[in-house]
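Pasted below: model.pdb, PDB, C-alpha atoms.
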```
ATOM      1  CA  MET A  11      95.344 121.951  76.566
ATOM      2  CA  ARG A  12      98.856 120.536  76.504
ATOM      3  CA  THR A  13      99.622 116.936  77.453
ATOM      4  CA  PRO A  14     100.176 116.573  81.246
ATOM      5  CA  THR A  15     103.735 115.907  82.382
ATOM      6  CA  GLU A  16     102.939 112.616  84.106
ATOM      7  CA  MET A  17     101.529 111.209  80.881
ATOM      8  CA  ILE A  18     104.647 112.186  78.938
ATOM      9  CA  VAL A  19     106.877 110.557  81.583
ATOM     10  CA  GLY A  20     104.790 107.391  81.516
ATOM     11  CA  LEU A  21     104.862 107.101  77.732
ATOM     12  CA  VAL A  22     108.640 107.606  77.651
ATOM     13  CA  LEU A  23     109.534 105.158  80.433
ATOM     14  CA  CYS A  24     107.149 102.406  79.358
ATOM     15  CA  PRO A  25     108.779 101.464  76.007
ATOM     16  CA  CYS A  26     112.251 101.826  77.563
ATOM     17  CA  GLY A  27     111.325  99.380  80.309
ATOM     18  CA  LEU A  28     109.735  97.055  77.755
ATOM     19  CA  LEU A  29     112.901  96.982  75.656
ATOM     20  CA  LEU A  30     115.160  96.316  78.654
ATOM     21  CA  THR A  31     112.886  93.577  80.002
ATOM     22  CA  LEU A  32     112.678  91.932  76.586
ATOM     23  CA  THR A  33     116.473  91.906  76.281
ATOM     24  CA  GLY A  34     116.874  90.524  79.780
ATOM     25  CA  THR A  35     114.319  87.797  79.106
ATOM     26  CA  LEU A  36     115.846  86.559  75.856
ATOM     27  CA  ALA A  37     119.574  87.011  76.469
ATOM     28  CA  PRO A  38     121.202  83.967  78.154
ATOM     29  CA  SER A  39     123.278  85.780  80.726
ATOM     30  CA  TRP A  40     121.513  85.844  84.067
ATOM     31  CA  ARG A  41     124.485  84.170  85.730
ATOM     32  CA  GLN A  42     128.121  83.738  84.725
ATOM     33  CA  VAL A  43     130.129  80.729  85.865
ATOM     34  CA  SER A  44     133.922  81.034  85.551
ATOM     35  CA  LEU A  45     137.044  79.181  86.785
ATOM     36  CA  ILE A  46     135.357  75.854  86.117
ATOM     37  CA  PRO A  47     137.400  72.807  87.174
ATOM     38  CA  ASP A  48     138.705  70.575  84.331
ATOM     39  CA  GLN A  49     138.131  73.512  81.931
ATOM     40  CA  ALA A  50     140.426  76.195  80.551
ATOM     41  CA  ARG A  51     140.709  79.249  82.766
ATOM     42  CA  ASP A  52     139.211  81.534  80.129
ATOM     43  CA  VAL A  53     136.076  79.414  79.660
ATOM     44  CA  VAL A  54     132.875  81.050  80.950
ATOM     45  CA  TRP A  55     129.396  79.580  81.130
ATOM     46  CA  GLU A  56     126.555  82.061  80.682
ATOM     47  CA  GLN A  57     123.269  80.782  82.056
ATOM     48  CA  GLY A  58     119.917  82.376  81.274
ATOM     49  CA  ILE A  59     116.367  81.230  81.819
ATOM     50  CA  TRP A  60     116.123  79.536  78.404
ATOM     51  CA  ASP A  61     119.643  78.539  77.361
ATOM     52  CA  ILE A  62     123.226  77.914  78.512
ATOM     53  CA  CYS A  63     126.154  79.199  76.439
ATOM     54  CA  ARG A  64     129.848  78.370  76.650
ATOM     55  CA  GLU A  65     132.329  81.067  75.648
ATOM     56  CA  GLN A  66     136.110  80.944  75.474
ATOM     57  CA  GLN A  67     137.261  84.514  76.066
ATOM     58  CA  SER A  68     140.682  84.184  74.449
ATOM     59  CA  THR A  69     139.265  83.185  71.062
ATOM     60  CA  HIS A  70     135.721  84.596  71.527
ATOM     61  CA  ASP A  71     134.274  81.249  70.470
ATOM     62  CA  ARG A  72     130.693  81.017  71.689
ATOM     63  CA  LEU A  73     128.543  77.923  71.609
ATOM     64  CA  CYS A  74     124.974  77.883  72.938
ATOM     65  CA  GLY A  75     122.612  74.995  73.542
ATOM     66  CA  GLN A  76     124.799  73.338  76.162
ATOM     67  CA  ALA A  77     123.366  70.335  77.983
ATOM     68  CA  ASP A  78     121.978  70.944  81.449
ATOM     69  CA  GLN A  79     123.838  68.276  83.382
ATOM     70  CA  LEU A  80     123.291  69.802  86.847
ATOM     71  CA  GLY A  81     119.504  70.317  86.713
ATOM     72  CA  TYR A  82     119.743  74.102  86.465
ATOM     73  CA  PHE A  83     116.468  74.529  84.562
ATOM     74  CA  ASP A  84     114.599  72.381  87.063
ATOM     75  CA  GLN A  85     115.102  74.878  89.893
ATOM     76  CA  VAL A  86     112.074  76.804  91.143
ATOM     77  CA  PRO A  87     113.497  80.357  90.636
ATOM     78  CA  VAL A  88     114.301  79.534  87.006
ATOM     79  CA  ARG A  89     110.853  78.029  86.426
ATOM     80  CA  VAL A  90     109.166  81.062  87.978
ATOM     81  CA  ALA A  91     111.227  83.386  85.795
ATOM     82  CA  GLN A  92     110.272  81.372  82.697
ATOM     83  CA  GLY A  93     106.610  81.920  83.505
ATOM     84  CA  LEU A  94     106.530  85.498  84.796
ATOM     85  CA  MET A  95     108.961  87.260  82.469
ATOM     86  CA  PRO A  96     107.020  86.556  79.217
ATOM     87  CA  SER A  97     103.755  87.308  81.020
ATOM     88  CA  SER A  98     105.195  90.634  82.135
ATOM     89  CA  LEU A  99     106.050  91.509  78.532
ATOM     90  CA  VAL A 100     102.476  90.833  77.408
ATOM     91  CA  VAL A 101     100.994  92.900  80.234
ATOM     92  CA  THR A 102     103.403  95.752  79.463
ATOM     93  CA  VAL A 103     102.291  95.842  75.830
ATOM     94  CA  VAL A 104      98.647  95.941  76.944
ATOM     95  CA  GLY A 105      99.401  98.773  79.368
ATOM     96  CA  PHE A 106     101.222 100.763  76.698
ATOM     97  CA  VAL A 107      98.290 100.429  74.287
ATOM     98  CA  VAL A 108      95.819 101.552  76.954
ATOM     99  CA  ALA A 109      98.082 104.479  77.885
ATOM    100  CA  SER A 110      98.230 105.550  74.231
ATOM    101  CA  LEU A 111      94.435 105.609  74.150
ATOM    102  CA  GLY A 112      94.323 107.752  77.287
ATOM    103  CA  VAL A 113      96.824 110.376  76.178
ATOM    104  CA  ARG A 114      95.532 112.936  73.688
ATOM    105  CA  CYS A 115      97.358 111.962  70.527
ATOM    106  CA  TRP A 116      94.413 112.454  68.174
ATOM    107  CA  GLN A 117      91.812 114.070  70.430
ATOM    108  CA  GLN A 118      91.329 117.434  72.057
ATOM    109  CA  GLU A 119      91.413 116.436  75.739
ATOM    110  CA  PRO A 120      93.278 113.594  77.522
ATOM    111  CA  ARG A 121      91.320 110.766  79.120
ATOM    112  CA  HIS A 122      92.578 110.803  82.683
ATOM    113  CA  LEU A 123      90.624 107.725  83.765
ATOM    114  CA  VAL A 124      92.000 105.581  80.926
ATOM    115  CA  ALA A 125      95.549 106.804  81.584
ATOM    116  CA  GLY A 126      95.191 105.979  85.282
ATOM    117  CA  MET A 127      94.012 102.460  84.476
ATOM    118  CA  ALA A 128      97.025 102.045  82.196
ATOM    119  CA  GLY A 129      99.239 103.058  85.114
ATOM    120  CA  LEU A 130      97.806 100.247  87.242
ATOM    121  CA  VAL A 131      98.471  97.751  84.441
ATOM    122  CA  LEU A 132     102.088  98.926  84.123
ATOM    123  CA  LEU A 133     102.549  98.673  87.875
ATOM    124  CA  LEU A 134     101.417  95.049  87.689
ATOM    125  CA  SER A 135     103.770  94.291  84.795
ATOM    126  CA  GLY A 136     106.716  95.854  86.611
ATOM    127  CA  LEU A 137     106.051  93.764  89.710
ATOM    128  CA  MET A 138     105.681  90.617  87.599
ATOM    129  CA  SER A 139     109.208  91.078  86.234
ATOM    130  CA  LEU A 140     110.726  92.378  89.467
ATOM    131  CA  VAL A 141     109.684  89.344  91.538
ATOM    132  CA  PRO A 142     111.559  86.690  89.487
ATOM    133  CA  SER A 143     114.596  88.948  89.097
ATOM    134  CA  SER A 144     114.812  89.486  92.854
ATOM    135  CA  TRP A 145     114.216  85.830  93.654
ATOM    136  CA  TYR A 146     116.866  84.710  91.161
ATOM    137  CA  THR A 147     119.363  87.162  92.636
ATOM    138  CA  GLN A 148     118.696  85.877  96.127
ATOM    139  CA  GLU A 149     119.152  82.247  95.058
ATOM    140  CA  LEU A 150     121.956  82.898  92.568
ATOM    141  CA  TRP A 151     124.686  81.269  94.702
ATOM    142  CA  ALA A 152     122.379  78.390  95.711
ATOM    143  CA  LEU A 153     121.568  77.271  92.159
ATOM    144  CA  PRO A 154     123.496  74.216  90.883
ATOM    145  CA  ALA A 155     127.022  74.964  89.654
ATOM    146  CA  PRO A 156     130.290  73.013  89.275
ATOM    147  CA  PRO A 157     132.087  72.802  92.638
ATOM    148  CA  GLY A 158     134.939  75.256  93.032
ATOM    149  CA  SER A 159     133.721  77.608  90.291
ATOM    150  CA  MET A 160     133.178  81.347  90.676
ATOM    151  CA  LEU A 161     129.667  82.802  90.240
ATOM    152  CA  SER A 162     128.731  86.350  89.230
ATOM    153  CA  ILE A 163     125.670  88.286  88.076
ATOM    154  CA  GLY A 164     125.114  88.509  84.315
ATOM    155  CA  TYR A 165     124.065  91.554  82.351
ATOM    156  CA  SER A 166     120.632  90.105  81.517
ATOM    157  CA  LEU A 167     119.681  90.112  85.179
ATOM    158  CA  VAL A 168     120.749  93.750  85.504
ATOM    159  CA  LEU A 169     118.701  94.722  82.439
ATOM    160  CA  SER A 170     115.690  92.909  83.857
ATOM    161  CA  TYR A 171     116.033  94.906  87.075
ATOM    162  CA  LEU A 172     116.272  98.209  85.212
ATOM    163  CA  GLY A 173     113.336  97.375  82.971
ATOM    164  CA  SER A 174     111.176  96.444  85.951
ATOM    165  CA  CYS A 175     111.989  99.705  87.742
ATOM    166  CA  MET A 176     111.187 101.764  84.628
ATOM    167  CA  GLU A 177     107.849 100.039  84.204
ATOM    168  CA  ILE A 178     106.978 100.672  87.851
ATOM    169  CA  LEU A 179     107.934 104.345  87.527
ATOM    170  CA  ALA A 180     105.869 104.629  84.355
ATOM    171  CA  GLY A 181     102.910 103.110  86.160
ATOM    172  CA  LEU A 182     103.267 105.469  89.100
ATOM    173  CA  ALA A 183     103.442 108.479  86.770
ATOM    174  CA  LEU A 184     100.294 107.453  84.898
ATOM    175  CA  THR A 185      98.347 106.692  88.067
ATOM    176  CA  LEU A 186      98.693 110.376  88.968
ATOM    177  CA  SER A 187      96.074 110.951  86.262
ATOM    178  CA  PHE A 188      93.453 109.751  88.760
ATOM    179  CA  HIS A 189      94.043 113.015  90.635
ATOM    180  CA  HIS A 190      92.953 115.076  87.622
ATOM    181  CA  CYS A 191      89.995 112.758  87.109
ATOM    182  CA  CYS A 192      88.839 113.251  90.709
ATOM    183  CA  LYS A 193      89.235 117.011  90.399
ATOM    184  CA  GLU A 194      87.084 117.072  87.274
ATOM    185  CA  HIS A 195      84.283 114.968  88.790
ATOM    186  CA  GLY A 196      84.502 116.549  92.249
ATOM    187  CA  ALA A 197      84.297 120.198  91.191
ATOM    188  CA  PRO A 198      80.800 121.495  92.226
ATOM    189  CA  ARG A 199      78.671 123.289  89.660
ATOM    190  CA  LEU A 200      76.805 126.045  91.525
ATOM    191  CA  PRO A 201      73.411 127.204  90.131
ATOM    192  CA  PRO A 202      72.867 130.929  89.464
ATOM    193  CA  THR A 203      71.941 132.911  92.593
ATOM    194  CA  PRO A 204      68.534 134.652  92.907
ATOM    195  CA  VAL A 205      70.274 138.021  93.201
ATOM    196  CA  THR A 206      71.842 137.592  89.804
ATOM    197  CA  GLU A 207      68.534 136.544  88.271
ATOM    198  CA  ALA A 208      66.740 139.533  89.850
ATOM    199  CA  GLY A 209      69.430 141.868  88.608
ATOM    200  CA  SER A 210      69.093 140.588  85.074
ATOM    201  CA  CYS A 211      65.289 140.901  85.203
ATOM    202  CA  SER A 212      65.436 144.463  86.545
ATOM    203  CA  SER A 213      67.841 145.477  83.832
ATOM    204  CA  ARG A 214      65.448 144.110  81.246
ATOM    205  CA  ALA A 215      62.434 145.767  82.916
ATOM    206  CA  TYR A 216      63.887 149.291  82.913
ATOM    207  CA  SER A 217      65.331 149.183  79.410
ATOM    208  CA  ASN A 218      63.695 151.825  77.160
ATOM    209  CA  PRO A 219      63.753 151.314  73.422
ATOM    210  CA  TRP A 220      63.184 155.017  72.766
ATOM    211  CA  ASP A 221      66.133 157.311  72.725
ATOM    212  CA  VAL A 222      65.117 159.922  75.303
ATOM    213  CA  LEU A 223      68.332 161.872  75.026
ATOM    214  CA  ALA A 224      67.824 162.232  71.320
ATOM    215  CA  ASP A 225      64.346 163.781  71.904
ATOM    216  CA  GLU A 226      65.763 166.228  74.439
ATOM    217  CA  GLN A 227      68.509 167.251  72.063
ATOM    218  CA  ASP A 228      65.924 167.824  69.338
ATOM    219  CA  GLY A 229      63.839 170.030  71.687
ATOM    220  CA  GLN A 230      66.869 172.103  72.656
ATOM    221  CA  HIS A 231      67.758 172.538  69.014
ATOM    222  CA  TRP A 232      64.181 173.698  68.248
ATOM    223  CA  ARG A 233      64.295 176.309  71.032
ATOM    224  CA  SER A 234      67.710 177.660  70.012
ATOM    225  CA  SER A 235      66.729 178.149  66.353
ATOM    226  CA  PRO A 236      65.506 181.694  65.385
ATOM    227  CA  PRO A 237      61.761 182.166  64.602
ATOM    228  CA  CYS A 238      60.662 182.055  60.993
ATOM    229  CA  ASP A 239      58.285 184.536  59.210
ATOM    230  CA  SER A 240      55.487 182.019  59.319
ATOM    231  CA  ASP A 241      55.720 181.915  63.106
ATOM    232  CA  LEU A 242      55.190 185.654  63.335
TER     233      LEU A 242
END
```
Please express the file's structure as structure tokens.
Amino acid sequence: MRTPTEMIVGLVLCPCGLLLTLTGTLAPSWRQVSLIPDQARDVVWEQGIWDICREQQSTHDRLCGQADQLGYFDQVPVRVAQGLMPSSLVVTVVGFVVASLGVRCWQQEPRHLVAGMAGLVLLLSGLMSLVPSSWYTQELWALPAPPGSMLSIGYSLVLSYLGSCMEILAGLALTLSFHHCCKEHGAPRLPPTPVTEAGSCSSRAYSNPWDVLADEQDGQHWRSSPPCDSDL
């Protein structure tokens, strides 16, 4: 039996979503702040959920570990993202391990129930990373920033969105394994009918171990042979 398509899709999308979510969690570029007053016009602040970096685009000088003078890290969306994004990564790893146990990599048949449970775990992990990404996007222009500056979405937030969607799709694909599990357990096993049993008994009752046709052929051969002198 070949591996079902939904399991292949789930195993492909899950590590892709994990990699994108990991990059979005660690990279400090959830929001970009440009055109900052009293700063050069090519200076950009990149704010993540763990760090703030200052980059001068003309010289490509980048310096991280900037002081949080506006209370950016004290905001509720940032705190929620700091808690849910790492938790989502851990849950995704657990779901991927369970999915690997459910798919037939070293066994003859896939375990549909285990794969379906892995799909539920991946659905949870995708939602855990999608909630802080959506909340941060909604509050992006309300978070503290220098007055008169221009705000824009960073690439880390986009990667977090994509990773969350891939994990949710992987979970949905693996949860389709519950359908195969229900079909296996719901298929009725009918007992043999009495007609079949009677037919098998009658065939055994009328079987004759002696070869009757062989005896008839021998008798015909005896009659067709010419008489011998002893018979006369």
**Message:** Env of Leu36 (chain A): 12 Å cut, atoms = only C-alpha atoms, seq-sep filter 3 positions within chain, self excluded. Answer as a count of residues only.
**Reply:** 23
**Message:** List as a list in words the residues having at least one atom at most 12 Å from position (115.8, 80.2, 95.7) as given in the file, counting only C-alpha atoms.
**Reply:**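 Looking at atoms near the point gives Tyr82, Asp84, Gln85, Val86, Pro87, Val88, Arg89, Val90, Ala91, Val141, Pro142, Ser143, Ser144, Trp145, Tyr146, Thr147, Gln148, Glu149, Leu150, Trp151, Ala152, Leu153 and Pro154 of chain A.
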Output file for the selection above: C-alpha atoms, as a CSV table (one decimal), in the coordinates of the input:
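Writing the result to selection-v4.csv gives the following:
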```csv
chain,number,residue,atom,x,y,z
A,82,TYR,CA,119.7,74.1,86.5
A,84,ASP,CA,114.6,72.4,87.1
A,85,GLN,CA,115.1,74.9,89.9
A,86,VAL,CA,112.1,76.8,91.1
A,87,PRO,CA,113.5,80.4,90.6
A,88,VAL,CA,114.3,79.5,87.0
A,89,ARG,CA,110.9,78.0,86.4
A,90,VAL,CA,109.2,81.1,88.0
A,91,ALA,CA,111.2,83.4,85.8
A,141,VAL,CA,109.7,89.3,91.5
A,142,PRO,CA,111.6,86.7,89.5
A,143,SER,CA,114.6,88.9,89.1
A,144,SER,CA,114.8,89.5,92.9
A,145,TRP,CA,114.2,85.8,93.7
A,146,TYR,CA,116.9,84.7,91.2
A,147,THR,CA,119.4,87.2,92.6
A,148,GLN,CA,118.7,85.9,96.1
A,149,GLU,CA,119.2,82.2,95.1
A,150,LEU,CA,122.0,82.9,92.6
A,151,TRP,CA,124.7,81.3,94.7
A,152,ALA,CA,122.4,78.4,95.7
A,153,LEU,CA,121.6,77.3,92.2
A,154,PRO,CA,123.5,74.2,90.9
```
**Message:** Report, in Å to a single decimal, how far apart CA of Glu56 (chain A) and CA of Pro38 (chain A) are.
**Reply:**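 Spanning CA of Pro38 (chain A) to CA of Glu56 (chain A) is a straight-line distance of 6.2 Å.
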**Item:** Residue nearest Glu119 (chain A) among A:Ser44, A:Thr13, A:Ser98, A:Gln79 (counting all atoms listed in the file)
**Value:** A:Thr13
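One distance worth recording is that between CA of Gly81 (chain A) and CA of Ser139 (chain A), which is 23.2 Å.
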**Message:** When you count all atoms listed in the file, which of these residues is closest to Ser68 (chain A): A:Leu179, A:Leu140, A:Val107, A:Val54?
**Reply:** A:Val54
Residues matched by the PyMOL selection byres ((chain A and resi 109) around 9), written as a PDB file with C-alpha atoms, in the frame of the given file:
```
ATOM      1  CA  MET A  17     101.529 111.209  80.881  1.00  0.00           C
ATOM      2  CA  GLY A  20     104.790 107.391  81.516  1.00  0.00           C
ATOM      3  CA  LEU A  21     104.862 107.101  77.732  1.00  0.00           C
ATOM      4  CA  VAL A 104      98.647  95.941  76.944  1.00  0.00           C
ATOM      5  CA  GLY A 105      99.401  98.773  79.368  1.00  0.00           C
ATOM      6  CA  PHE A 106     101.222 100.763  76.698  1.00  0.00           C
ATOM      7  CA  VAL A 107      98.290 100.429  74.287  1.00  0.00           C
ATOM      8  CA  VAL A 108      95.819 101.552  76.954  1.00  0.00           C
ATOM      9  CA  SER A 110      98.230 105.550  74.231  1.00  0.00           C
ATOM     10  CA  LEU A 111      94.435 105.609  74.150  1.00  0.00           C
ATOM     11  CA  GLY A 112      94.323 107.752  77.287  1.00  0.00           C
ATOM     12  CA  VAL A 113      96.824 110.376  76.178  1.00  0.00           C
ATOM     13  CA  VAL A 124      92.000 105.581  80.926  1.00  0.00           C
ATOM     14  CA  ALA A 125      95.549 106.804  81.584  1.00  0.00           C
ATOM     15  CA  GLY A 126      95.191 105.979  85.282  1.00  0.00           C
ATOM     16  CA  MET A 127      94.012 102.460  84.476  1.00  0.00           C
ATOM     17  CA  ALA A 128      97.025 102.045  82.196  1.00  0.00           C
ATOM     18  CA  GLY A 129      99.239 103.058  85.114  1.00  0.00           C
ATOM     19  CA  LEU A 184     100.294 107.453  84.898  1.00  0.00           C
TER      20      LEU A 184
END
```
**Request:** May I ask which of the residues A:Leu133, A:Asp71, A:Gln76, A:Val53 is the closest one to Ala183 (chain A), counting all atoms listed in the file?
**Result:**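 For Ala183 (chain A), the nearest of the given residues is A:Leu133.
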**Prompt:** Could you name the residues that touch Pro157 (chain A) at 10 Å or less, counting all atoms listed in the file, but leaving out those on the same chain fewer than 2 positions away, as a PyMOL selection string?
**Reply:** chain A and resi 45-47+154-155+159-160
Build an axis-aligned box that encloses every atom of region 97-104 of chain A listed in the file, pad it by 4 Å on each side, and report its centre and edge lengths in Å to one decimal, as AutoDock Vina command-line options.
```
--center_x 102.3 --center_y 91.6 --center_z 79.0 --size_x 15.4 --size_y 16.6 --size_z 14.3
```
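Distances to Val103 (chain A) were evaluated for A:Asp52, A:Glu16, A:Glu177, A:Asp78 using only C-alpha atoms, and the minimum falls at A:Glu177.
In this structure, CA of Ser162 (chain A) sits 24.6 Å away from CA of Leu28 (chain A).
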